[in-house]
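Dumped run.txt below, it's compact mmCIF, C-alpha atoms and all ligand atoms:
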# COMPACT_ATOMS: atom_id res chain seq x y z
CA MET A 1 115.67 73.79 36.10
CA THR A 2 111.92 73.10 36.62
CA ALA A 3 110.37 74.18 39.89
CA ASN A 4 108.55 70.94 40.73
CA ARG A 5 111.32 68.55 39.71
CA LEU A 6 113.78 67.23 42.24
CA GLN A 7 117.18 68.89 42.13
CA VAL A 8 120.36 66.84 42.58
CA ALA A 9 123.79 68.48 42.71
CA VAL A 10 126.85 66.31 42.13
CA LEU A 11 130.27 67.26 43.53
CA PRO A 12 132.72 64.45 42.74
CA GLY A 13 135.57 66.29 44.50
CA SER A 14 139.08 64.89 44.22
CA GLY A 15 140.99 61.60 44.01
CA ILE A 16 138.79 58.50 44.02
CA GLY A 17 135.82 60.79 44.70
CA ARG A 18 135.52 61.21 40.94
CA GLU A 19 135.73 57.48 40.25
CA VAL A 20 133.16 56.34 42.82
CA THR A 21 130.76 59.23 42.09
CA ALA A 22 130.76 58.29 38.39
CA GLU A 23 129.40 54.87 39.37
CA ALA A 24 126.77 56.42 41.67
CA GLU A 25 125.67 58.65 38.78
CA ARG A 26 125.34 55.63 36.46
CA VAL A 27 123.04 54.09 39.06
CA LEU A 28 121.09 57.35 39.43
CA ALA A 29 120.57 57.37 35.65
CA TRP A 30 119.11 53.85 35.91
CA PHE A 31 116.48 55.10 38.37
CA VAL A 32 115.65 57.98 36.00
CA ARG A 33 115.26 55.55 33.08
CA HIS A 34 113.45 52.73 34.83
CA ARG A 35 111.68 54.08 37.91
CA GLY A 36 110.22 57.37 36.74
CA LEU A 37 112.54 59.42 38.92
CA GLU A 38 112.33 63.00 37.69
CA VAL A 39 115.46 64.91 38.60
CA ASP A 40 117.58 67.72 37.27
CA VAL A 41 121.22 66.88 37.83
CA ALA A 42 123.67 69.79 38.17
CA HIS A 43 127.46 69.69 38.35
CA PRO A 44 128.41 72.97 40.00
CA ALA A 45 132.05 74.01 39.86
CA TYR A 46 133.80 72.95 43.05
CA GLY A 47 137.17 72.02 44.52
CA PRO A 48 140.62 72.07 42.90
CA GLU A 49 139.22 72.43 39.36
CA ALA A 50 137.03 75.40 40.34
CA TYR A 51 140.01 76.94 42.12
CA LYS A 52 142.17 76.61 39.01
CA ALA A 53 139.48 78.18 36.81
CA THR A 54 138.14 80.90 39.12
CA GLY A 55 140.47 81.28 42.09
CA ARG A 56 137.60 80.08 44.31
CA MET A 57 136.98 76.53 45.53
CA LEU A 58 133.28 77.19 45.89
CA PRO A 59 132.09 80.03 43.62
CA ASP A 60 128.88 81.85 44.70
CA ALA A 61 126.86 80.37 41.84
CA SER A 62 127.82 76.85 42.98
CA LEU A 63 126.84 77.56 46.55
CA ALA A 64 123.47 78.86 45.34
CA THR A 65 122.92 75.62 43.37
CA LEU A 66 123.83 73.54 46.42
CA LYS A 67 121.43 75.53 48.60
CA GLY A 68 118.60 74.80 46.16
CA ALA A 69 119.32 71.07 45.88
CA HIS A 70 117.15 68.37 47.44
CA ALA A 71 120.22 66.16 47.55
CA ILE A 72 123.94 66.78 47.11
CA LEU A 73 126.04 63.80 46.09
CA PHE A 74 129.60 64.37 47.26
CA GLY A 75 132.60 62.21 46.38
CA ALA A 76 135.66 63.01 48.47
CA ALA A 77 137.85 65.93 49.45
CA GLY A 78 141.56 66.30 50.08
CA GLY A 79 144.77 64.83 48.74
CA PRO A 80 147.65 66.24 46.67
CA GLU A 81 145.28 68.23 44.39
CA TYR A 82 144.61 70.47 47.39
CA ASP A 83 148.30 71.32 47.87
CA VAL A 84 148.14 74.29 45.49
CA ILE A 85 145.09 75.79 47.23
CA PRO A 86 145.97 78.29 49.96
CA ALA A 87 144.81 77.27 53.44
CA ALA A 88 142.54 80.33 53.70
CA GLU A 89 140.72 79.36 50.48
CA GLN A 90 140.38 75.77 51.71
CA ARG A 91 138.75 77.12 54.86
CA ALA A 92 136.50 79.43 52.81
CA GLY A 93 135.27 76.79 50.37
CA GLY A 94 136.19 73.36 51.66
CA LEU A 95 133.95 70.56 52.88
CA ARG A 96 134.01 71.76 56.48
CA PHE A 97 132.81 75.20 55.31
CA LEU A 98 130.05 73.59 53.27
CA ARG A 99 128.86 71.50 56.20
CA LYS A 100 128.76 74.61 58.39
CA GLU A 101 127.17 76.86 55.75
CA LEU A 102 124.37 74.37 55.08
CA ASP A 103 124.13 73.60 58.82
CA LEU A 104 124.50 69.86 58.20
CA PHE A 105 124.75 69.05 61.89
CA ALA A 106 123.43 65.48 61.86
CA ASN A 107 125.65 62.94 60.17
CA LEU A 108 124.14 59.44 59.89
CA ARG A 109 126.60 56.64 59.27
CA PRO A 110 124.98 53.19 58.97
CA VAL A 111 127.21 50.17 59.48
CA LYS A 112 125.74 46.89 58.36
CA ALA A 113 127.45 43.52 58.08
CA LEU A 114 126.18 41.91 54.92
CA GLU A 115 126.18 38.10 54.78
CA ALA A 116 128.16 38.17 51.52
CA THR A 117 131.01 40.14 53.03
CA LEU A 118 131.37 38.43 56.42
CA ASP A 119 134.65 36.84 55.36
CA ALA A 120 135.97 40.18 54.08
CA SER A 121 136.03 41.59 57.61
CA THR A 122 139.20 41.39 59.64
CA LEU A 123 136.96 40.35 62.57
CA LYS A 124 135.64 36.79 62.94
CA PRO A 125 132.33 36.10 61.10
CA GLU A 126 130.66 35.12 64.39
CA VAL A 127 131.53 38.58 65.78
CA VAL A 128 130.26 40.62 62.84
CA ARG A 129 127.26 38.54 61.69
CA GLY A 130 124.05 40.54 62.20
CA VAL A 131 125.70 43.87 62.99
CA ASP A 132 123.29 46.64 62.03
CA MET A 133 123.96 50.00 63.65
CA VAL A 134 123.90 53.69 62.86
CA ILE A 135 126.47 56.13 64.19
CA VAL A 136 124.97 59.61 64.58
CA ARG A 137 127.90 62.03 64.52
CA GLU A 138 127.57 65.73 65.34
CA LEU A 139 129.10 67.43 62.30
CA THR A 140 129.23 71.21 62.62
CA SER A 141 130.77 71.90 66.01
CA GLY A 142 133.26 70.46 68.48
CA ILE A 143 137.02 70.49 68.10
CA TYR A 144 136.95 70.67 64.28
CA PHE A 145 135.34 74.12 64.46
CA GLY A 146 136.14 75.49 67.93
CA GLU A 147 138.05 78.76 68.41
CA PRO A 148 140.75 79.59 69.27
CA ARG A 149 142.72 77.42 66.89
CA GLY A 150 146.07 77.78 65.20
CA ILE A 151 149.82 77.34 65.54
CA GLU A 152 151.79 80.03 67.35
CA THR A 153 155.42 80.63 68.28
CA LEU A 154 155.97 81.26 71.97
CA ALA A 155 158.36 83.86 73.38
CA ASP A 156 160.97 81.18 74.09
CA GLY A 157 160.86 79.95 70.48
CA ARG A 158 158.81 76.80 71.09
CA ARG A 159 155.77 76.34 68.85
CA ARG A 160 152.29 75.58 70.17
CA GLY A 161 149.31 74.12 68.31
CA VAL A 162 145.86 74.87 69.71
CA ASN A 163 142.38 73.52 69.05
CA THR A 164 139.29 73.98 71.15
CA GLN A 165 136.66 71.36 71.89
CA VAL A 166 133.45 73.29 72.46
CA TYR A 167 129.73 72.45 72.52
CA THR A 168 126.69 74.48 73.49
CA SER A 169 123.57 72.89 74.92
CA ASP A 170 121.45 73.60 71.81
CA GLU A 171 124.03 71.92 69.56
CA ILE A 172 123.92 68.82 71.73
CA ILE A 173 120.15 68.72 72.07
CA ARG A 174 119.39 68.97 68.35
CA VAL A 175 121.69 66.12 67.33
CA ALA A 176 120.60 64.04 70.33
CA ARG A 177 116.98 64.49 69.24
CA VAL A 178 117.86 63.07 65.79
CA ALA A 179 119.50 60.06 67.46
CA PHE A 180 116.61 59.44 69.87
CA GLU A 181 114.09 59.62 67.01
CA LEU A 182 116.19 57.19 64.98
CA ALA A 183 116.51 54.81 67.94
CA ARG A 184 112.75 54.97 68.42
CA SER A 185 112.23 53.94 64.78
CA ARG A 186 114.66 51.02 65.17
CA SER A 187 115.23 48.82 68.23
CA GLY A 188 114.73 51.59 70.81
CA ARG A 189 118.31 51.53 72.10
CA LEU A 190 120.70 54.47 72.13
CA CYS A 191 124.27 54.55 73.38
CA SER A 192 125.75 58.02 73.86
CA VAL A 193 129.54 58.09 73.61
CA ASP A 194 131.61 60.80 75.29
CA LYS A 195 134.66 61.34 77.49
CA ALA A 196 132.82 62.77 80.49
CA ASN A 197 135.45 61.43 82.92
CA VAL A 198 137.95 63.97 81.52
CA LEU A 199 136.32 66.65 79.32
CA GLU A 200 133.91 69.34 80.52
CA SER A 201 132.36 69.52 77.04
CA SER A 202 131.53 65.83 77.48
CA VAL A 203 130.08 66.42 80.97
CA LEU A 204 127.70 68.93 79.37
CA TRP A 205 127.04 66.48 76.51
CA ARG A 206 126.00 63.75 78.95
CA GLU A 207 123.88 66.09 81.12
CA GLU A 208 121.95 67.39 78.12
CA VAL A 209 121.40 63.91 76.68
CA VAL A 210 120.13 62.66 80.06
CA LYS A 211 117.81 65.68 80.43
CA LEU A 212 116.36 65.22 76.95
CA HIS A 213 115.90 61.53 77.60
CA SER A 214 113.90 62.10 80.80
CA ALA A 215 111.85 64.88 79.23
CA GLU A 216 110.92 63.31 75.89
CA TYR A 217 112.37 59.87 75.23
CA ARG A 218 111.83 57.66 78.30
CA ASP A 219 110.69 54.84 76.00
CA VAL A 220 114.21 54.68 74.49
CA GLU A 221 116.78 52.64 76.44
CA LEU A 222 119.71 55.04 76.96
CA SER A 223 123.23 53.96 77.91
CA HIS A 224 126.55 55.81 78.01
CA GLN A 225 130.10 54.74 77.18
CA TYR A 226 133.40 56.54 77.35
CA VAL A 227 134.91 56.72 73.89
CA ASP A 228 137.97 54.60 74.69
CA ASN A 229 135.73 51.82 75.95
CA ALA A 230 133.38 52.26 72.96
CA ALA A 231 136.30 51.75 70.54
CA MET A 232 137.14 48.50 72.30
CA GLN A 233 133.47 47.38 72.44
CA LEU A 234 133.10 48.02 68.68
CA VAL A 235 135.61 45.33 67.90
CA ARG A 236 134.81 43.08 70.91
CA ASN A 237 131.05 42.86 70.45
CA PRO A 238 129.68 45.25 67.81
CA ARG A 239 126.21 43.63 67.90
CA GLN A 240 125.50 45.29 71.25
CA PHE A 241 125.03 48.64 69.43
CA ASP A 242 121.96 49.89 67.62
CA VAL A 243 122.22 53.70 67.50
CA ILE A 244 125.39 55.42 68.71
CA LEU A 245 125.26 59.16 69.36
CA THR A 246 128.57 60.96 69.56
CA ASP A 247 130.40 64.21 68.86
CA ASN A 248 132.33 65.31 65.80
CA ILE A 249 135.82 63.92 66.43
CA PHE A 250 134.74 60.74 68.25
CA GLY A 251 132.24 59.99 65.46
CA ASP A 252 134.92 60.52 62.82
CA ILE A 253 137.25 58.03 64.46
CA LEU A 254 134.71 55.43 65.60
CA SER A 255 133.07 55.20 62.17
CA ASP A 256 136.37 54.40 60.41
CA CYS A 257 136.94 51.75 63.06
CA ALA A 258 133.41 50.38 62.55
CA ALA A 259 134.04 50.30 58.79
CA MET A 260 136.20 47.23 59.21
CA ILE A 261 133.13 45.31 60.37
CA THR A 262 131.99 45.53 56.75
CA GLY A 263 135.40 44.54 55.43
CA SER A 264 136.14 47.80 53.56
CA LEU A 265 136.11 51.49 54.36
CA GLY A 266 134.86 51.82 50.80
CA MET A 267 131.49 50.26 51.72
CA LEU A 268 130.24 52.88 54.17
CA PRO A 269 127.74 55.57 53.15
CA SER A 270 126.64 58.65 55.05
CA ALA A 271 123.96 61.32 55.09
CA SER A 272 124.50 64.80 56.52
CA LEU A 273 121.27 66.64 57.29
CA SER A 274 120.22 70.09 58.45
CA ALA A 275 117.05 70.79 60.41
CA PRO A 276 113.90 71.08 58.28
CA ASP A 277 112.66 74.63 57.64
CA ALA A 278 109.05 75.81 58.06
CA LEU A 279 108.12 74.09 54.78
CA GLY A 280 109.81 70.83 55.77
CA ARG A 281 112.71 71.39 53.35
CA ARG A 282 116.24 70.75 54.54
CA HIS A 283 119.73 70.64 53.15
CA ALA A 284 121.10 67.14 52.68
CA LEU A 285 124.51 65.94 51.54
CA PHE A 286 125.36 62.31 50.87
CA GLU A 287 128.90 60.97 50.69
CA PRO A 288 130.90 57.84 51.32
CA VAL A 289 132.69 57.86 54.66
CA HIS A 290 136.10 57.43 53.04
CA GLY A 291 138.38 60.18 51.74
CA SER A 292 140.12 60.77 48.40
CA ALA A 293 142.53 57.82 48.89
CA PRO A 294 145.53 59.27 47.01
CA ASP A 295 147.29 55.89 47.32
CA ILE A 296 144.85 54.26 44.88
CA ALA A 297 143.43 57.28 43.00
CA GLY A 298 143.43 57.05 39.18
CA GLN A 299 143.76 53.27 39.11
CA GLY A 300 140.06 52.44 38.77
CA ILE A 301 140.15 50.08 41.74
CA ALA A 302 138.28 52.05 44.43
CA ASN A 303 135.24 50.40 45.95
CA PRO A 304 132.21 52.44 44.76
CA LEU A 305 129.67 50.80 47.08
CA GLY A 306 129.94 53.53 49.76
CA ALA A 307 129.06 56.10 47.08
CA ILE A 308 126.27 53.92 45.67
CA LEU A 309 124.83 53.27 49.14
CA SER A 310 125.06 57.05 49.73
CA LEU A 311 122.82 57.43 46.69
CA ALA A 312 120.38 55.03 48.39
CA MET A 313 120.45 57.32 51.43
CA ALA A 314 119.83 60.29 49.11
CA LEU A 315 116.80 58.53 47.63
CA ARG A 316 115.45 57.96 51.15
CA HIS A 317 116.42 61.12 53.03
CA GLY A 318 116.65 63.70 50.23
CA LEU A 319 114.33 62.67 47.40
CA GLY A 320 111.47 60.99 49.29
CA ARG A 321 111.87 57.68 47.43
CA ASP A 322 111.91 55.06 50.20
CA ASP A 323 110.97 52.21 47.84
CA ASP A 324 113.79 53.05 45.43
CA ALA A 325 116.24 53.29 48.33
CA ALA A 326 115.24 49.80 49.49
CA LEU A 327 115.49 48.49 45.92
CA LEU A 328 119.02 49.84 45.59
CA GLU A 329 120.15 48.50 48.96
CA ALA A 330 118.79 45.08 48.00
CA ALA A 331 120.62 45.30 44.65
CA VAL A 332 123.90 46.02 46.44
CA GLY A 333 123.29 42.92 48.59
CA THR A 334 122.58 40.84 45.49
CA ALA A 335 125.64 42.20 43.68
CA LEU A 336 127.82 41.32 46.64
CA GLY A 337 126.27 37.87 46.83
CA ARG A 338 127.26 37.27 43.20
CA CYS A 339 130.85 38.37 43.75
CA ARG A 340 133.43 36.17 45.28
CA THR A 341 134.32 37.36 48.78
CA GLY A 342 137.91 37.70 47.62
CA ASP A 343 136.84 40.26 45.03
CA ILE A 344 135.07 42.38 47.60
CA ALA A 345 138.00 42.40 49.96
CA ALA A 346 140.23 43.02 46.97
CA VAL A 347 138.47 46.16 45.78
CA GLY A 348 141.10 48.78 46.42
CA GLN A 349 143.82 46.21 46.06
CA ALA A 350 144.06 46.01 42.27
CA ARG A 351 142.18 42.72 41.87
CA ALA A 352 138.73 44.15 41.18
CA SER A 353 137.60 47.29 39.43
CA THR A 354 135.38 50.20 40.35
CA ALA A 355 133.45 49.96 37.10
CA ALA A 356 132.88 46.21 37.46
CA MET A 357 131.45 46.68 40.94
CA GLY A 358 129.17 49.48 39.69
CA GLN A 359 128.08 47.26 36.79
CA ALA A 360 127.34 44.41 39.21
CA VAL A 361 124.87 46.69 41.02
CA LEU A 362 123.27 47.74 37.71
CA ASP A 363 122.97 44.07 36.69
CA ALA A 364 121.33 43.27 40.03
CA LEU A 365 118.84 46.13 39.49
CA GLU A 366 118.00 44.67 36.08
CA GLY A 367 117.16 41.42 37.90
P1 LIG A 401 141.07 57.64 52.99
O1 LIG A 401 139.71 57.32 53.48
O2 LIG A 401 141.15 58.45 51.75
O3 LIG A 401 141.91 56.29 52.79
C1 LIG A 401 142.25 55.42 53.87
C2 LIG A 401 142.62 54.04 53.32
O4 LIG A 401 141.45 53.38 52.87
C3 LIG A 401 143.56 54.12 52.11
O5 LIG A 401 144.45 53.04 52.16
C4 LIG A 401 142.64 53.97 50.93
O6 LIG A 401 143.25 53.40 49.78
C5 LIG A 401 141.54 53.06 51.49
N1 LIG A 401 140.26 53.39 50.87
C6 LIG A 401 139.52 54.50 51.09
N2 LIG A 401 138.43 54.47 50.33
C7 LIG A 401 138.47 53.34 49.62
C8 LIG A 401 137.63 52.75 48.64
N3 LIG A 401 136.48 53.35 48.24
N4 LIG A 401 137.98 51.56 48.12
C9 LIG A 401 139.10 50.96 48.52
N5 LIG A 401 139.96 51.45 49.44
C10 LIG A 401 139.64 52.64 49.97
O7 LIG A 401 141.78 58.39 54.19
P2 LIG A 401 143.23 59.08 54.25
O8 LIG A 401 144.19 58.35 53.40
O9 LIG A 401 143.49 59.22 55.68
O10 LIG A 401 143.01 60.53 53.64
C11 LIG A 401 143.25 60.88 52.27
C12 LIG A 401 142.68 62.26 52.00
O11 LIG A 401 141.25 62.22 52.11
C13 LIG A 401 143.15 63.30 53.01
O12 LIG A 401 143.39 64.50 52.33
C14 LIG A 401 141.96 63.45 53.97
O13 LIG A 401 141.89 64.73 54.56
C15 LIG A 401 140.81 63.24 53.01
N6 LIG A 401 139.56 62.77 53.63
C16 LIG A 401 138.42 63.28 53.11
C17 LIG A 401 137.21 62.83 53.61
C18 LIG A 401 135.95 63.37 52.98
O14 LIG A 401 135.99 63.81 51.85
N7 LIG A 401 134.83 63.33 53.65
C19 LIG A 401 137.17 61.86 54.62
C20 LIG A 401 138.37 61.33 55.09
C21 LIG A 401 139.57 61.79 54.58
Starting from the file, give its structure as structure tokens.
Ligand code: NAD
Amino acid sequence: MTANRLQVAVLPGSGIGREVTAEAERVLAWFVRHRGLEVDVAHPAYGPEAYKATGRMLPDASLATLKGAHAILFGAAGGPEYDVIPAAEQRAGGLRFLRKELDLFANLRPVKALEATLDASTLKPEVVRGVDMVIVRELTSGIYFGEPRGIETLADGRRRGVNTQVYTSDEIIRVARVAFELARSRSGRLCSVDKANVLESSVLWREEVVKLHSAEYRDVELSHQYVDNAAMQLVRNPRQFDVILTDNIFGDILSDCAAMITGSLGMLPSASLSAPDALGRRHALFEPVHGSAPDIAGQGIANPLGAILSLAMALRHGLGRDDDAALLEAAVGTALGRCRTGDIAAVGQARASTAAMGQAVLDALEG
């Protein structure tokens, strides 16, 4: 490892995570060869394989490597490979732990309808054409982390499952600030999504967002939607959205829903960012929105574009290479344009292959 070189850590994870990350790494190697990108790439032990070898999902040495990385490329977590790992170890070394440990509170999930894939969407082309939005999901708090949690047996023998939706004002303000800044750099419109008609945590969410807006972001047009309405609006008229700000669970659900605008869950990238430190350094993890897809794992048919577009986000948000990020996004557009729409929709359905789609991006980069 050389001090002034950029450090990239790759965690393919499980299931199709390995397959799609392999394609992202092939593309990363192209940038090293052709664009003078100077990076050290590490593959720290992680996940089911690390557990088998060491009894730990995330050994200390791996965590140290991740903490020193400018960008972490993550594939996917979960699936049958996790069945042998005790729940306590999954909590101690799983993806949720990693997000919390690196304080990756701001999760950016861009959703863009590309002309070449309009027909691949289950929505009508006239509904999805021109959609270009970013969902900003709070990632390290809310119901996925709140205490108390657990399953207990009551005195009368019934069982009760408990989770707690909880937010503090500082957690809301810091992710809202990311969303306002992003909206300011785009069309200047931000829609905050909550359930303030029912949940106190959402009442606080809305109050803090409104306060921050009046104090610092009056130039941004702020609107609010309840999450049930937002889900309906996403499929009714997705073009109305530019930046959506929402909490952990609502962001998780709404972004899978929004994925269908692009025609495949396998097309969506994401960036998870911490706050910058005094030197401007921050932790940054990049991963496709999808999971390990056990139903298609090992068949070589997963769509790698979410992973490849996550690499583009890593170039932009982790490695300071805006031009290379734009080049890669353009190459994905070109690759899609050269494919038949049927092939794109078919990725994940045994009619197109992961490697062929990765190669199409490499060919587009070659020009
Ligand atoms: P999933 O995202 O893995 O799959 C949902 C559906 O989309 C499946 O039919 C799958 O075949 C398809 N799909 C997903 N990615 C695809 C791709 N790249 N190309 C083509 N088709 C694709 O969600 P799931 O089935 O609900 O969960 C499976 C496992 O993944 C679970 O253990 C879950 O906890 C985990 N998961 C992990 C993450 C993550 O790593 N960030 C996110 C979501 C789910």
Within 6 Å of ligand LIG 401 (chain A), counting all atoms listed in the file, residues as an mmCIF file with C-alpha atoms, keeping the file's coordinate frame:
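Saved as out_27.cif:
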data_model
loop_
_atom_site.group_PDB
_atom_site.id
_atom_site.type_symbol
_atom_site.label_atom_id
_atom_site.label_comp_id
_atom_site.auth_asym_id
_atom_site.auth_seq_id
_atom_site.Cartn_x
_atom_site.Cartn_y
_atom_site.Cartn_z
ATOM 1 C CA ALA A 76 135.660 63.010 48.470
ATOM 2 C CA ALA A 77 137.850 65.930 49.450
ATOM 3 C CA GLY A 78 141.560 66.300 50.080
ATOM 4 C CA GLY A 79 144.770 64.830 48.740
ATOM 5 C CA LEU A 265 136.110 51.490 54.360
ATOM 6 C CA GLY A 266 134.860 51.820 50.800
ATOM 7 C CA VAL A 289 132.690 57.860 54.660
ATOM 8 C CA HIS A 290 136.100 57.430 53.040
ATOM 9 C CA GLY A 291 138.380 60.180 51.740
ATOM 10 C CA SER A 292 140.120 60.770 48.400
ATOM 11 C CA ALA A 293 142.530 57.820 48.890
ATOM 12 C CA PRO A 294 145.530 59.270 47.010
ATOM 13 C CA ASP A 295 147.290 55.890 47.320
ATOM 14 C CA ILE A 296 144.850 54.260 44.880
ATOM 15 C CA ALA A 302 138.280 52.050 44.430
ATOM 16 C CA ASN A 303 135.240 50.400 45.950
ATOM 17 C CA PRO A 304 132.210 52.440 44.760
ATOM 18 C CA VAL A 347 138.470 46.160 45.780
ATOM 19 C CA GLY A 348 141.100 48.780 46.420
#
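Using only C-alpha atoms, the smallest distance between any of A:Asp228, A:Ile173, A:Arg321, A:Lys52 and Ala215 of chain A comes from A:Ile173.
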Self-check item: Nearby residues (only C-alpha atoms) at most 12 Å from Arg316 of chain A, same-chain spacing under 4 positions excluded, as an NGL selection string
Solution: :A and (70-71 or 270-271 or 284 or 286 or 309-312 or 320-329)
Exercise. List the neighbours of Arg281 of chain A out to 12 Å using all atoms listed in the file; skip same-chain residues closer than 5 positions along the sequence, and give me the result as a count of residues only.
Key: 14
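Pairwise distance (atom CA of Val136 of chain A, atom CA of Gly251 of chain A) equals 7.3 Å.
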Quiz item: In Å to one decimal, how far is atom CA of Phe105 of chain A from atom CA of Val175 of chain A?
Solution: 6.9 Å
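If you look at atom CA of Val8 of chain A and atom CA of Thr65 of chain A, they are 9.2 Å away from each other.
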Phe97 of chain A environment, 12 Å, only C-alpha atoms, sequence neighbours closer than 4 positions dropped, as a PDB file with C-alpha atoms, keeping the file's coordinate frame:
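Result file follows (out00.pdb):
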ATOM      1  CA  MET A  57     136.980  76.530  45.530  1.00  0.00           C
ATOM      2  CA  LEU A  58     133.280  77.190  45.890  1.00  0.00           C
ATOM      3  CA  LEU A  63     126.840  77.560  46.550  1.00  0.00           C
ATOM      4  CA  ALA A  88     142.540  80.330  53.700  1.00  0.00           C
ATOM      5  CA  GLU A  89     140.720  79.360  50.480  1.00  0.00           C
ATOM      6  CA  GLN A  90     140.380  75.770  51.710  1.00  0.00           C
ATOM      7  CA  ARG A  91     138.750  77.120  54.860  1.00  0.00           C
ATOM      8  CA  ALA A  92     136.500  79.430  52.810  1.00  0.00           C
ATOM      9  CA  GLY A  93     135.270  76.790  50.370  1.00  0.00           C
ATOM     10  CA  GLU A 101     127.170  76.860  55.750  1.00  0.00           C
ATOM     11  CA  LEU A 102     124.370  74.370  55.080  1.00  0.00           C
ATOM     12  CA  ASP A 103     124.130  73.600  58.820  1.00  0.00           C
ATOM     13  CA  LEU A 104     124.500  69.860  58.200  1.00  0.00           C
ATOM     14  CA  LEU A 139     129.100  67.430  62.300  1.00  0.00           C
ATOM     15  CA  THR A 140     129.230  71.210  62.620  1.00  0.00           C
ATOM     16  CA  SER A 141     130.770  71.900  66.010  1.00  0.00           C
ATOM     17  CA  TYR A 144     136.950  70.670  64.280  1.00  0.00           C
ATOM     18  CA  PHE A 145     135.340  74.120  64.460  1.00  0.00           C
TER      19      PHE A 145
END
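Remark: for Asn229 of chain A, the closest of the candidate residues A:Ala87, A:Ala113, A:Val198, A:Val193 is A:Val193 (distances computed over all atoms listed in the file).
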Quiz item: Can you list, as a PyMOL selection string, every protein, DNA or RNA residue that comes within 10 Å of Pro80 of chain A when you count all atoms listed in the file, leaving out same-chain residues fewer than 3 positions away?
Solution: chain A and resi 14-15+48+83-85+292+294
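For the choices A:Gly75, A:Leu95, A:Ile172, A:Ser202, the atom-to-atom distance to Val20 of chain A is smallest for A:Gly75 when using all atoms listed in the file.
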Quiz item: Using all atoms listed in the file, which of A:Glu81, A:Asp132, A:Glu216, A:Glu366 sits nearest Gly47 of chain A?
Solution: A:Glu81
Quiz item: Which residues, written as number ranges by chain, have at least one atom at most 6 Å from Ile16 of chain A, with all atoms listed in the file counted and residues fewer than 2 positions away on the same chain left out?
Solution: A: 18-19, 292, 297
Practice problem: Go through A:Leu315, A:Ala356, A:Gln240, A:Leu254 one by one, measure the shortest atom-to-atom distance of each to Arg35 of chain A using all atoms listed in the file, and give the residue with the smallest value. | Solution: A:Leu315
For segment 18-32 of chain A, take all atoms listed in the file, fit an axis-aligned box around them, add 8 Å to each of the six sides, then output centre and edge lengths in Å rounded to one decimal, as AutoDock Vina command-line options.
--center_x 125.7 --center_y 57.5 --center_z 39.2 --size_x 36.1 --size_y 23.4 --size_z 23.2
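Using all atoms listed in the file for every distance, the candidate list A:Lys124, A:Arg137, A:Arg338, A:Arg149 yields A:Lys124 as the residue closest to Asn237 of chain A.
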